[in-house]
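Heads up, coords.txt below (compact mmCIF, C-alpha atoms):
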```
# COMPACT_ATOMS: atom_id res chain seq x y z
CA MET G 1 -5.27 -22.16 23.38
CA GLN G 2 -1.87 -22.96 24.86
CA CYS G 3 0.45 -25.43 23.15
CA ASP G 4 3.38 -27.08 24.92
CA TRP G 5 5.34 -27.46 21.68
CA VAL G 6 6.34 -25.22 18.79
CA PRO G 7 5.45 -26.32 15.25
CA ILE G 8 8.06 -25.60 12.59
CA GLN G 9 8.32 -26.08 8.84
CA THR G 10 11.57 -27.45 7.45
CA ASP G 11 12.76 -29.20 4.33
CA SER G 12 12.97 -32.97 4.34
CA LEU G 13 16.05 -34.37 6.08
CA GLY G 14 16.16 -37.06 3.37
CA LYS G 15 14.79 -40.46 2.36
CA LEU G 16 14.52 -43.50 4.62
CA PRO G 17 17.02 -46.33 4.13
CA GLY G 18 15.84 -48.87 1.57
CA TYR G 19 17.94 -51.98 2.15
CA HIS G 20 18.25 -54.45 5.04
CA GLU G 21 20.41 -53.17 7.91
CA SER G 22 21.22 -49.97 6.03
CA GLU G 23 21.36 -46.98 8.38
CA ILE G 24 21.16 -43.28 7.65
CA THR G 25 22.16 -40.52 10.06
CA TYR G 26 20.33 -37.21 9.60
CA SER G 27 21.58 -33.98 11.14
CA PHE G 28 18.87 -31.76 12.59
CA ASP G 29 21.17 -28.90 13.57
CA LEU G 30 18.69 -26.49 12.01
CA PRO G 31 18.22 -22.74 12.59
CA GLU G 32 14.49 -23.36 13.29
CA ILE G 33 15.38 -25.46 16.38
CA PRO G 34 16.75 -23.31 19.24
CA ALA G 35 19.68 -24.37 21.41
CA GLU G 36 17.37 -24.84 24.41
CA ALA G 37 15.17 -27.43 22.63
CA LYS G 38 14.87 -30.62 24.70
CA GLU G 39 12.83 -32.71 22.23
CA VAL G 40 11.99 -32.74 18.52
CA LEU G 41 8.88 -34.09 16.83
CA VAL G 42 9.78 -36.30 13.86
CA TYR G 43 7.34 -37.10 11.06
CA THR G 44 8.27 -39.75 8.53
CA PHE G 45 6.34 -41.70 5.92
CA MET G 46 7.02 -44.50 3.49
CA THR G 47 5.14 -46.17 0.65
CA THR G 48 5.75 -49.57 -0.94
CA ILE G 49 4.52 -51.40 -4.00
CA GLY G 50 6.10 -54.77 -3.55
CA ASN G 51 6.67 -57.95 -5.42
CA GLY G 52 6.77 -61.48 -4.04
CA SER G 53 4.89 -62.86 -1.05
CA PHE G 54 3.73 -60.68 1.85
CA GLN G 55 6.62 -59.60 4.10
CA ARG G 56 6.88 -57.44 7.21
CA GLY G 57 9.87 -55.54 8.57
CA TYR G 58 10.48 -52.40 10.60
CA TYR G 59 12.40 -49.17 10.88
CA GLU G 60 14.32 -48.46 14.08
CA ILE G 61 14.37 -44.67 14.61
CA PHE G 62 16.50 -43.15 17.38
CA THR G 63 18.67 -40.46 18.89
CA SER G 64 21.64 -41.36 21.10
CA ASP G 65 23.49 -39.96 24.09
CA GLY G 66 26.35 -41.41 26.11
CA GLY G 67 25.98 -44.89 24.63
CA LYS G 68 22.20 -44.97 25.23
CA ASP G 69 19.77 -45.11 22.29
CA PHE G 70 16.27 -43.62 22.54
CA LYS G 71 14.45 -45.90 20.07
CA GLN G 72 11.02 -45.97 18.49
CA TYR G 73 9.77 -48.15 15.63
CA MET G 74 7.73 -47.97 12.45
CA ASN G 75 6.27 -51.05 10.77
CA VAL G 76 6.86 -51.64 7.06
CA ALA G 77 5.31 -54.24 4.78
CA THR G 78 5.55 -55.25 1.16
CA GLY G 79 4.16 -57.93 -1.11
CA ASP G 80 2.91 -58.80 -4.58
CA GLY G 81 0.36 -56.26 -5.71
CA ILE G 82 0.14 -54.69 -2.24
CA ASN G 83 0.37 -50.92 -1.80
CA ILE G 84 1.33 -49.91 1.75
CA VAL G 85 1.57 -46.41 3.20
CA ASN G 86 2.77 -45.95 6.76
CA SER G 87 3.85 -42.97 8.84
CA ILE G 88 4.85 -42.04 12.35
CA ASN G 89 4.94 -38.90 14.48
CA ALA G 90 7.31 -39.41 17.40
CA TRP G 91 9.12 -37.28 19.99
CA PHE G 92 12.88 -37.75 20.44
CA PRO G 93 15.26 -36.17 22.94
CA VAL G 94 17.66 -33.56 21.56
CA LYS G 95 21.26 -34.36 22.44
CA ASP G 96 24.54 -32.56 21.76
CA LYS G 97 25.07 -34.13 18.32
CA ARG G 98 21.55 -33.29 17.09
CA GLU G 99 21.38 -36.43 14.99
CA LEU G 100 18.54 -38.80 14.19
CA LYS G 101 19.39 -42.31 13.01
CA VAL G 102 17.15 -44.69 11.10
CA LYS G 103 17.91 -48.35 10.39
CA LEU G 104 15.82 -50.78 8.33
CA TYR G 105 15.35 -54.43 9.23
CA HIS G 106 13.99 -56.33 6.24
CA PRO G 107 12.01 -59.53 6.07
CA THR G 108 14.15 -62.65 5.66
CA SER G 109 13.37 -63.19 1.97
CA LEU G 110 14.36 -59.63 1.01
CA LYS G 111 17.71 -59.87 2.83
CA SER G 112 19.05 -62.51 0.48
CA LYS G 113 17.67 -60.83 -2.66
CA LYS G 114 19.02 -57.34 -1.80
CA LYS G 115 15.70 -55.78 -2.87
CA HIS G 116 14.72 -52.22 -2.05
CA ILE G 117 11.81 -52.04 0.42
CA ALA G 118 9.89 -49.59 -1.79
CA GLY G 119 9.69 -52.22 -4.53
CA GLU G 120 8.42 -50.76 -7.79
CA LEU G 121 8.35 -47.22 -6.35
CA GLU G 122 12.13 -46.95 -5.88
CA PRO G 123 13.69 -44.47 -6.91
CA GLN G 124 10.53 -42.32 -6.93
CA GLU G 125 9.19 -40.19 -4.06
CA TRP G 126 8.49 -43.06 -1.66
CA SER G 127 9.62 -41.62 1.70
CA ASP G 128 10.77 -38.55 3.61
CA VAL G 129 11.88 -37.60 7.13
CA TYR G 130 10.94 -34.23 8.67
CA ILE G 131 11.36 -32.38 11.95
CA ILE G 132 7.96 -30.71 12.45
CA GLY G 133 8.24 -29.28 15.97
CA TYR G 134 10.17 -28.97 19.21
CA ARG G 135 9.70 -28.60 22.97
CA THR G 136 11.91 -26.65 25.38
```

How would this structure read if it were set down as structure tokens?
Amino acid sequence: MQCDWVPIQTDSLGKLPGYHESEITYSFDLPEIPAEAKEVLVYTFMTTIGNGSFQRGYYEIFTSDGGKDFKQYMNVATGDGINIVNSINAWFPVKDKRELKVKLYHPTSLKSKKKHIAGELEPQEWSDVYIIGYRT
């Protein structure tokens, strides 16, 4: 069977941002990804155990080149007694900087309270970001 992408195994690039409008830049200049790679496959997950009324927000995940952002999104939710697990597998173009950026947009009520999106799970193992493959 022929595959048009190459699976790889790497360590986590880090945790997702936890607060409204916080942004993290992850470098994926990794030896497992060759110079001729045109795209990378990103896998990320997050888990919340919230408090307060049901709220929905989202993660904006992107690479950039020449002032243009290549964005994709992952939903996030939290609420009293609600356990949420969400994940995404998404392809992103590889550009010269080899950076992936993730920004969190919180629900309105969490903005003013400066609460972490993971709720009761923070600072435990509630999220990770991985590069799991590439295409040339």

Calculate how many Å separate CA of Arg56 in chain G from CA of Trp91 in chain G, rounding to one decimal. 24.0 Å

Contact residues around range 25-27 of chain G with all atoms listed in the file at 7 Å, ignoring same-chain residues under 6 positions, as a PDB file with C-alpha atoms, in the frame of the given file:
```pdb
ATOM      1  CA  LEU G  13      16.050 -34.370   6.080  1.00  0.00           C
ATOM      2  CA  ARG G  98      21.550 -33.290  17.090  1.00  0.00           C
ATOM      3  CA  GLU G  99      21.380 -36.430  14.990  1.00  0.00           C
ATOM      4  CA  LEU G 100      18.540 -38.800  14.190  1.00  0.00           C
ATOM      5  CA  LYS G 101      19.390 -42.310  13.010  1.00  0.00           C
ATOM      6  CA  VAL G 102      17.150 -44.690  11.100  1.00  0.00           C
TER       7      VAL G 102
END
```

Just checking: using all atoms listed in the file, which residue out of G:Ile88, G:Leu104, G:Ala35, G:Leu41 ends up closest to Val6 in chain G?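 Of all the options, G:Leu41 lies closest to Val6 in chain G.
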
Residue among G:Cys3, G:Ile82, G:Ile131, G:Ile117 lying closest to Ser53 in chain G, counting all atoms listed in the file: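 Looking at the shortest contact to Ser53 in chain G, the residue is G:Ile82.
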
For Val76 in chain G, list every protein, DNA or RNA residue within 9 Å, evaluated using all atoms listed in the file, and leave out those in the same chain fewer than 6 positions away; present the list as a list of chain:residue names. G:Met46, G:Thr47, G:Thr48, G:Gln55, G:Arg56, G:Gly57, G:Tyr58, G:Tyr59, G:Ile84, G:Val85, G:Asn86, G:His106, G:Ile117

Counting all atoms listed in the file, which residue out of G:Thr78, G:Thr10, G:Ser87, G:Ser127 sits closest to Asp29 in chain G? G:Thr10

From CA of Ala37 in chain G to CA of Thr136 in chain G the spacing works out at 4.3 Å

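Here CA of Pro7 in chain G is placed at a distance of 10.0 Å from CA of Ile33 in chain G.
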
Restricting to only C-alpha atoms, whichever of G:Tyr43, G:Lys71, G:Arg135, G:Asp96 is closest to Lys15 in chain G is G:Tyr43

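Residue nearest Gly79 in chain G, chosen from G:Gly18, G:Lys103, G:Ile61, G:Ile49 and counting all atoms listed in the file: G:Ile49.
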
Out of G:Val129, G:Val40, G:Lys95, G:Pro31, which residue has the shortest atom-to-atom distance to Gly66 in chain G when counting all atoms listed in the file?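 Closest candidate: G:Lys95.
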